Amino acid sequence: MKYTLRSLPALAMVALAFIFFVDRAEAAPAGRATGAEVEPADCMFDLPAGVVEGEDVVCGYLVVPEQHANPDGPTIRLAFAILKAQPAEGETAKPDPVFMLQGGPGGSTIDTYAKWLLREEPFPDRDVVLFDQRGTYYSEPSLVCGESLSMTLQTLEQRLTPEESSRLGEQSSLQCRARLLDEGVNLAAYNSLENAADIEALRDALDYGPINLYGVSYGTLLALHTMRNHPEHLRSVILDAVVPPDVNFRAEGPRSHDRAFSELFKACAADPACNTAYPGLEQVFLDTVKALDANPARMPLTDRETGRTYNAVFDGETLIGSMVQLLYSSELLPALPKIIYDARDGRFDFLSRILPQMVFDRTLAEGMYFSTLCAEDADYTIQDVQLDVRPRFVDDERRDEVDFLKLCAKWDVPALGPQVDEPVVSDIPTLVYSGQFDPVTPPWFGERVAKMLKNRYFFTWPAGSHGELLTNECTLGMAREFIDDPSTAPDSSCMADYPKPTFVTPATVMMTPATTYVLGMLEGQASRAPFFVYFLAMMAMLTLFVVWPAAWFVRAMSRKHGDPRPIARVPRWIAVVNAVLLVMFAAGFVVAFAGAILTGAELELLFGLPGESWWLFAISLLIIILTAAMAVFAVVAWIKRFWSGWGRVYYTALVLAAAVCVAVLLQLSLAFPLIGRILGRA
């Protein structure tokens with residue numbers, strides 16, 4: 001379980017993704033039975049523009065016993081944020097809030113959801129309560145292991161053997177454990193049962209009645225424990241990417257990963273556009289893994305917090321682990337065939353951009369991860385691990401599980417016992433979501449849990465993966481409908497609009513690095529020079545709309561005539577059309593880029609512009625052709641002595657300006673995607 005680029009397969013288990021409080025807190029009686037107390041505090045995260053602290057969001061800490069069975073013992077502080085209900089005019093807020101539980105274990109609920117939810121307001125008529133579970137990022141103490149990140153930074157550029165990687169990973173994790181113990185942290189207190197008691201304590205301390213509970217990934221397991229141990233105030237539950245308590249998801253991990261790859265390869269083969277663009281995807285993937293095993297590539301990874309760029313080793317194991325991580329995301333799923341083919345060709349632009357979010361993550365509480373899972377899910381042997389997977393995966397998967405079990409033996413937290421592994425039987429209304437491509441909690445996990453729930457509504461999303469609630473309006477709309485009336489199945493007819501992934505292919509995306517360059521430029525990671533140069537050259541071209549009319553007016557006033565030869569007029573009209581096209585291209589690119597963002601097509605921007613922007617690339621081809629024609633006519637003008645000497649000099653300058661624009665278009669590949677589409681190439 002190392003935070004090195006080599007060990008991304010292990011990270012796959014950890015998933016990378018609103019005032020009523022003041023009145024309630026003041027009215028809350030002291031000395032509650034839970035022993036929990038509320039401490040108001042400034043919000044611990046940056047608020048989006050326009051959000052008013054104290055009106056739109058209220059933050060604080062819940063002080064709870066480190067162990068609920070010992071209410072007079074040491075205490076810890078759980079960070080929370082209430083995103084206040086914003087009902088429509090004329091409507092009132094509902095009294096039952098939505099409590100949200102992040103996965104991991106060890107993920108930060110506040111860091112993951114707060115800013116997005118404050119902007120989008122998915123549940124406008126209810127408070128949304130976010131809290132960082134015990135040990136996670138904003139809570140105190142935080143079990144984030146900086147030692148693991150340090151090890152990552154030290155070894156990213158080294159080609160480690162599997163044995164070295166395992167040894168260094170264990171060493172950094174145990175260093176974190178030793179530090180936490182020295183700081184007085186009782187690692188045995190960081191588990192799902194204490195975590196579930198925190199939820200009830202927070203509900204009680206904030207003086208809420210019945211609540212609606214949402215959990216994703218490990219958050220579903222936590223929600224199930226809450227349904228079993230603290231069911232009294234649960235009005236409804238949403239389980240998204242389900243972890244069954246009676247299935248060891250780690251032992252099933254290799255088979256779950258392998259199944260997701262099979263779903264990806266099968267879906268691409270069944271899609272005509274994907275199969276045409278990326279034939280034999282599975283074999284290409286395995287061949288690329290083999291090639292990278294023999295000769296690892298290098299990939300630049302930039303740590304945005306420090307600004308340092310690492311020339312990271314990228315081998316076959318890393319490619320597998322990266323793909324597992326990307327399979328978590330429904331939004332990224334359509335790009336995976338393209339990413340595999342790019343890796344085959346030695347292109348890692350997309351991965352170089354996306355992987356730093358995982359590799360340099362400073363919010364994941366690794367100490368919470370091990371304390372929780374070693375207490376609950378380390379009760380298996382390596383013989384229990386499901387290794388009926390692709391042969392290339394076997395050794396990597398076995399090594400990850402061996403490393404986990406060895407570390408748990410040294411992490412030394414008491415097991416919770418067999419009772420936590422029993423299935424949860426409940427009549428609480430429950431909405432269950434699974435994703436067909438989920439690499440860690442496959443649909444059969446959700447089916448297994450749903451069978452034990454009397455009032456459940458189970459849906460598998462054909463184009464979905466790990467965590468579907470906030471991925472599209474259909475999943476969110478069904479959840480809203482369910483929370484409004486948990487006794488009735490939500491209308492699922494909208495699922496027909498999401499039958500399968502729409503893969504990124506030359507048929508759907510005009511491939512160009514220009515869009516990625518612009519994204520980097522907007523983020524301060526790339527130079528503005530090419531676009532500045534294009535703009536200056538374009539403005540130079542546009543001077544013809546001033547210079548030539550002025551020259552015509554001067555000649556008319558002096559009763560002089562221009563060159564009478566008809567052929568002498570052609571170059572000027574070519575220049576005029578070219579100048580207009582340069583402006584049209586610049587404006588069209590801006591509109592297409594902004595349109596992709598406004599319509600939710602951000603993924604396409606990581607590869608190019610949406611396919612309907614083909615006309616823009618047709619313009620760029622015309623610009624190249626017309627610029628070449630201008631260059632030819634410039635030579636002819638000097639030979640045939642068109643116009644005056646100054647006229648020929650000015651026209652030559654226009655040619656140079658147009659050529660500079662063409663150079664920028666060629667540099668950013670803003671011409672050839674259309675040729676590739678015409679010829680049927682990627």
# chains A, B, ... in the order shown; residues from 1 in each chain; ligands from 1
>>> select_by_dssp(residues="region 115-223 of chain A", states="strand (DSSP E)", output="VMD selection string")
chain A and resid 128 to 131 211 to 216
>>> residues_around(residues="region 140-152 of chain A", least_positions_apart="2", cutoff="6 Å", atoms="only C-alpha atoms", output="JSON, numbers by chain")
{"A": [3, 4, 76, 77, 135, 136, 137, 154, 155, 156, 172, 176, 365, 366, 367, 368]}
>>> atom_distance(atom1="CA of Pro391 (chain A)", atom2="CA of Phe314 (chain A)")
20.3 Å
>>> closest_residue(among="A:Asp485, A:Asp345, A:Asp438, A:Asp412", to="Pro462 (chain A)", atoms="only C-alpha atoms")
A:Asp438
>>> select_by_dssp(residues="region 158-405 of chain A", states="alpha helix (DSSP H)", output="PyMOL selection string")
chain A and resi 162-182+192-205+218-229+253-270+272-277+281-294+316-327+336-344+349-354+356-359+366-376+391-405
>>> write_last_selection(atoms="C-alpha atoms", output="short mmCIF file (atom, residue, chain, number, x, y, z; two decimals), in the first residue's frame")
data_model
loop_
_atom_site.label_atom_id
_atom_site.label_comp_id
_atom_site.auth_asym_id
_atom_site.auth_seq_id
_atom_site.Cartn_x
_atom_site.Cartn_y
_atom_site.Cartn_z
CA PRO A 162 8.50 -5.17 -6.55
CA GLU A 163 10.35 -6.23 -3.40
CA GLU A 164 11.83 -2.75 -2.93
CA SER A 165 8.47 -1.15 -3.49
CA SER A 166 6.82 -3.42 -0.90
CA ARG A 167 9.57 -2.84 1.66
CA LEU A 168 9.54 0.95 1.30
CA GLY A 169 5.76 1.07 1.39
CA GLU A 170 5.59 -0.92 4.60
CA GLN A 171 8.41 1.13 6.10
CA SER A 172 6.68 4.46 5.45
CA SER A 173 3.33 3.17 6.75
CA LEU A 174 4.91 1.87 9.96
CA GLN A 175 6.72 5.17 10.41
CA CYS A 176 3.32 6.86 10.23
CA ARG A 177 1.94 4.38 12.78
CA ALA A 178 4.79 5.03 15.18
CA ARG A 179 4.28 8.80 14.93
CA LEU A 180 0.53 8.51 15.53
CA LEU A 181 1.11 6.37 18.60
CA ASP A 182 3.67 8.89 19.90
CA SER A 192 -16.59 1.39 11.40
CA LEU A 193 -18.49 0.84 14.65
CA GLU A 194 -17.12 3.99 16.29
CA ASN A 195 -17.65 5.77 12.98
CA ALA A 196 -21.32 4.74 12.87
CA ALA A 197 -21.82 5.94 16.45
CA ASP A 198 -20.39 9.32 15.38
CA ILE A 199 -23.18 9.70 12.81
CA GLU A 200 -25.86 9.26 15.45
CA ALA A 201 -23.96 11.58 17.79
CA LEU A 202 -23.77 14.28 15.12
CA ARG A 203 -27.46 13.95 14.27
CA ASP A 204 -28.36 14.24 17.95
CA ALA A 205 -26.01 17.14 18.68
CA TYR A 218 -16.76 2.43 1.99
CA GLY A 219 -19.47 4.96 2.93
CA THR A 220 -22.04 2.29 2.00
CA LEU A 221 -20.47 -0.16 4.43
CA LEU A 222 -20.55 2.54 7.09
CA ALA A 223 -24.19 3.27 6.23
CA LEU A 224 -25.03 -0.44 6.57
CA HIS A 225 -23.40 -0.56 10.00
CA THR A 226 -25.49 2.49 10.93
CA MET A 227 -28.63 0.75 9.68
CA ARG A 228 -27.82 -2.19 11.93
CA ASN A 229 -26.64 -0.37 15.06
CA GLY A 253 -10.49 -7.26 -5.49
CA PRO A 254 -8.44 -9.05 -8.17
CA ARG A 255 -11.52 -10.63 -9.70
CA SER A 256 -13.41 -7.32 -9.52
CA HIS A 257 -10.58 -5.53 -11.34
CA ASP A 258 -10.39 -8.23 -13.99
CA ARG A 259 -14.16 -8.16 -14.53
CA ALA A 260 -14.11 -4.39 -15.11
CA PHE A 261 -11.39 -4.74 -17.75
CA SER A 262 -13.48 -7.39 -19.48
CA GLU A 263 -16.50 -5.08 -19.47
CA LEU A 264 -14.39 -2.31 -21.02
CA PHE A 265 -12.95 -4.50 -23.76
CA LYS A 266 -16.35 -6.01 -24.51
CA ALA A 267 -18.06 -2.62 -24.69
CA CYS A 268 -15.46 -1.23 -27.10
CA ALA A 269 -15.65 -4.29 -29.34
CA ALA A 270 -19.45 -3.97 -29.48
CA PRO A 272 -18.64 0.15 -34.15
CA ALA A 273 -16.84 3.49 -33.80
CA CYS A 274 -14.70 2.28 -30.89
CA ASN A 275 -13.89 -1.05 -32.53
CA THR A 276 -12.91 0.70 -35.75
CA ALA A 277 -10.69 3.23 -34.00
CA LEU A 281 -8.16 -3.38 -27.58
CA GLU A 282 -7.45 -6.10 -25.04
CA GLN A 283 -4.44 -7.46 -26.92
CA VAL A 284 -3.10 -3.96 -27.50
CA PHE A 285 -3.42 -3.31 -23.77
CA LEU A 286 -1.63 -6.52 -22.78
CA ASP A 287 1.07 -6.00 -25.41
CA THR A 288 1.63 -2.44 -24.16
CA VAL A 289 1.90 -3.66 -20.56
CA LYS A 290 4.48 -6.23 -21.67
CA ALA A 291 6.45 -3.62 -23.62
CA LEU A 292 6.47 -1.23 -20.65
CA ASP A 293 7.56 -4.06 -18.35
CA ALA A 294 10.57 -4.63 -20.59
CA GLY A 316 3.46 -2.11 -17.09
CA GLU A 317 2.31 -2.40 -13.49
CA THR A 318 1.72 1.33 -13.38
CA LEU A 319 -0.33 1.24 -16.57
CA ILE A 320 -2.53 -1.49 -15.10
CA GLY A 321 -2.94 0.41 -11.85
CA SER A 322 -3.66 3.67 -13.65
CA MET A 323 -6.35 2.02 -15.72
CA VAL A 324 -7.95 0.53 -12.60
CA GLN A 325 -8.04 3.99 -11.06
CA LEU A 326 -9.56 5.54 -14.18
CA LEU A 327 -12.17 2.77 -14.34
CA LEU A 336 -9.92 4.62 -21.75
CA PRO A 337 -9.57 2.97 -25.20
CA LYS A 338 -7.94 6.15 -26.50
CA ILE A 339 -5.60 6.23 -23.49
CA ILE A 340 -4.54 2.62 -24.11
CA TYR A 341 -3.74 3.30 -27.76
CA ASP A 342 -1.90 6.49 -26.83
CA ALA A 343 0.22 4.51 -24.35
CA ARG A 344 0.99 2.01 -27.07
CA ASP A 349 -0.34 13.46 -22.23
CA PHE A 350 -3.68 12.56 -20.66
CA LEU A 351 -2.18 10.38 -17.94
CA SER A 352 0.46 13.00 -17.21
CA ARG A 353 -2.34 15.47 -16.58
CA ILE A 354 -4.70 13.28 -14.54
CA PRO A 356 -0.95 13.89 -10.27
CA GLN A 357 -4.38 14.23 -8.64
CA MET A 358 -3.90 10.69 -7.29
CA VAL A 359 -0.15 10.51 -6.79
CA GLU A 366 -3.91 6.28 5.18
CA GLY A 367 -3.82 5.71 8.93
CA MET A 368 -7.63 5.65 8.98
CA TYR A 369 -7.61 3.23 6.07
CA PHE A 370 -5.41 0.66 7.77
CA SER A 371 -6.97 1.05 11.22
CA THR A 372 -10.46 0.49 9.82
CA LEU A 373 -9.78 -2.29 7.34
CA CYS A 374 -7.27 -4.17 9.48
CA ALA A 375 -9.93 -4.33 12.21
CA GLU A 376 -12.74 -5.37 9.89
CA PRO A 391 -2.27 -14.16 -16.00
CA ARG A 392 -0.46 -10.80 -16.15
CA PHE A 393 -2.50 -9.57 -13.19
CA VAL A 394 -1.87 -12.50 -10.86
CA ASP A 395 1.52 -11.64 -9.39
CA ASP A 396 0.71 -7.95 -8.89
CA GLU A 397 -2.63 -8.69 -7.21
CA ARG A 398 -1.19 -11.42 -4.98
CA ARG A 399 1.65 -9.14 -3.91
CA ASP A 400 -0.77 -6.33 -3.00
CA GLU A 401 -2.81 -8.65 -0.79
CA VAL A 402 0.26 -10.20 0.84
CA ASP A 403 1.56 -6.69 1.59
CA PHE A 404 -1.80 -5.69 3.09
CA LEU A 405 -2.03 -8.74 5.36
#
>>> residues_around(residues="Val52 (chain A)", least_positions_apart="5", cutoff="12 Å", atoms="only C-alpha atoms", output="list in words")
Phe18, Ile19, Asp42, Cys43, Asp46, Leu47, Val57, Val58, Cys59, Leu83, Lys84, Leu118 and Arg119 of chain A
>>> closest_residue(among="A:Thr508, A:Leu431, A:Ala592, A:Arg308", to="Glu481 (chain A)", atoms="only C-alpha atoms")
A:Leu431
>>> closest_residue(among="A:Leu469, A:Ala189, A:Met539, A:Ile382", to="Tyr113 (chain A)", atoms="only C-alpha atoms")
A:Leu469
>>> residues_around(residues="region 125-129 of chain A", least_positions_apart="6", cutoff="6 Å", atoms="only C-alpha atoms", output="ChimeraX atom specification")
/A:18,81-87,93-94,97-99
>>> residues_around(residues="region 624-630 of chain A", least_positions_apart="5", cutoff="10 Å", atoms="only C-alpha atoms", output="count of residues only")
28
>>> residues_around(residues="region 644-649 of chain A", least_positions_apart="5", cutoff="8 Å", atoms="only C-alpha atoms", output="ChimeraX atom specification")
/A:634,637-638
>>> atom_distance(atom1="CA of Gly467 (chain A)", atom2="CA of Pro244 (chain A)")
15.0 Å
>>> closest_residue(among="A:Glu252, A:Asp132, A:Glu305, A:Asp246", to="Val424 (chain A)", atoms="only C-alpha atoms")
A:Asp246
>>> atom_distance(atom1="CA of Arg362 (chain A)", atom2="CA of Leu78 (chain A)")
18.3 Å
>>> residues_around(residues="region 490-496 of chain A", least_positions_apart="5", cutoff="7 Å", atoms="only C-alpha atoms", output="PyMOL selection string")
chain A and resi 474+478+481-482
>>> closest_residue(among="A:Asp484, A:Asp379, A:Asp111, A:Asp303", to="Ala409 (chain A)", atoms="only C-alpha atoms")
A:Asp379
>>> closest_residue(among="A:Ile639, A:Val509, A:Met538, A:Val389", to="Ala601 (chain A)", atoms="only C-alpha atoms")
A:Val509
>>> decode(residues="region 155-172 of chain A", atoms="N, CA and C atoms", output="PDB file, in the first residue's frame")
ATOM      1  N   THR A 155      10.869   8.358  -4.539  1.00  0.00           N
ATOM      2  CA  THR A 155      11.052   7.178  -5.403  1.00  0.00           C
ATOM      3  C   THR A 155      10.369   7.279  -6.751  1.00  0.00           C
ATOM      4  N   LEU A 156       9.656   8.367  -7.022  1.00  0.00           N
ATOM      5  CA  LEU A 156       8.920   8.478  -8.286  1.00  0.00           C
ATOM      6  C   LEU A 156       9.824   8.287  -9.499  1.00  0.00           C
ATOM      7  N   GLU A 157      11.030   8.775  -9.412  1.00  0.00           N
ATOM      8  CA  GLU A 157      11.925   8.736 -10.563  1.00  0.00           C
ATOM      9  C   GLU A 157      12.830   7.501 -10.562  1.00  0.00           C
ATOM     10  N   GLN A 158      12.621   6.605  -9.589  1.00  0.00           N
ATOM     11  CA  GLN A 158      13.446   5.403  -9.492  1.00  0.00           C
ATOM     12  C   GLN A 158      12.678   4.192 -10.020  1.00  0.00           C
ATOM     13  N   ARG A 159      13.405   3.297 -10.654  1.00  0.00           N
ATOM     14  CA  ARG A 159      12.793   2.043 -11.082  1.00  0.00           C
ATOM     15  C   ARG A 159      13.028   1.013  -9.974  1.00  0.00           C
ATOM     16  N   LEU A 160      12.018   0.820  -9.141  1.00  0.00           N
ATOM     17  CA  LEU A 160      12.117  -0.091  -8.016  1.00  0.00           C
ATOM     18  C   LEU A 160      11.694  -1.496  -8.412  1.00  0.00           C
ATOM     19  N   THR A 161      12.294  -2.481  -7.784  1.00  0.00           N
ATOM     20  CA  THR A 161      11.799  -3.849  -7.936  1.00  0.00           C
ATOM     21  C   THR A 161      10.532  -3.978  -7.103  1.00  0.00           C
ATOM     22  N   PRO A 162       9.687  -4.966  -7.379  1.00  0.00           N
ATOM     23  CA  PRO A 162       8.501  -5.172  -6.546  1.00  0.00           C
ATOM     24  C   PRO A 162       8.849  -5.327  -5.073  1.00  0.00           C
ATOM     25  N   GLU A 163       9.947  -6.020  -4.793  1.00  0.00           N
ATOM     26  CA  GLU A 163      10.352  -6.229  -3.404  1.00  0.00           C
ATOM     27  C   GLU A 163      10.736  -4.902  -2.739  1.00  0.00           C
ATOM     28  N   GLU A 164      11.459  -4.051  -3.471  1.00  0.00           N
ATOM     29  CA  GLU A 164      11.830  -2.747  -2.926  1.00  0.00           C
ATOM     30  C   GLU A 164      10.595  -1.888  -2.689  1.00  0.00           C
ATOM     31  N   SER A 165       9.688  -1.935  -3.622  1.00  0.00           N
ATOM     32  CA  SER A 165       8.472  -1.148  -3.487  1.00  0.00           C
ATOM     33  C   SER A 165       7.678  -1.587  -2.259  1.00  0.00           C
ATOM     34  N   SER A 166       7.552  -2.904  -2.063  1.00  0.00           N
ATOM     35  CA  SER A 166       6.821  -3.420  -0.903  1.00  0.00           C
ATOM     36  C   SER A 166       7.510  -3.025   0.393  1.00  0.00           C
ATOM     37  N   ARG A 167       8.820  -3.151   0.434  1.00  0.00           N
ATOM     38  CA  ARG A 167       9.570  -2.840   1.657  1.00  0.00           C
ATOM     39  C   ARG A 167       9.447  -1.362   2.015  1.00  0.00           C
ATOM     40  N   LEU A 168       9.610  -0.491   1.027  1.00  0.00           N
ATOM     41  CA  LEU A 168       9.541   0.948   1.296  1.00  0.00           C
ATOM     42  C   LEU A 168       8.124   1.373   1.676  1.00  0.00           C
ATOM     43  N   GLY A 169       7.138   0.748   1.039  1.00  0.00           N
ATOM     44  CA  GLY A 169       5.762   1.071   1.385  1.00  0.00           C
ATOM     45  C   GLY A 169       5.437   0.701   2.812  1.00  0.00           C
ATOM     46  N   GLU A 170       5.830  -0.497   3.214  1.00  0.00           N
ATOM     47  CA  GLU A 170       5.593  -0.920   4.599  1.00  0.00           C
ATOM     48  C   GLU A 170       6.360  -0.033   5.571  1.00  0.00           C
ATOM     49  N   GLN A 171       7.583   0.298   5.220  1.00  0.00           N
ATOM     50  CA  GLN A 171       8.411   1.125   6.095  1.00  0.00           C
ATOM     51  C   GLN A 171       7.769   2.485   6.342  1.00  0.00           C
ATOM     52  N   SER A 172       7.277   3.135   5.282  1.00  0.00           N
ATOM     53  CA  SER A 172       6.676   4.459   5.447  1.00  0.00           C
ATOM     54  C   SER A 172       5.373   4.377   6.238  1.00  0.00           C
TER      55      SER A 172
END
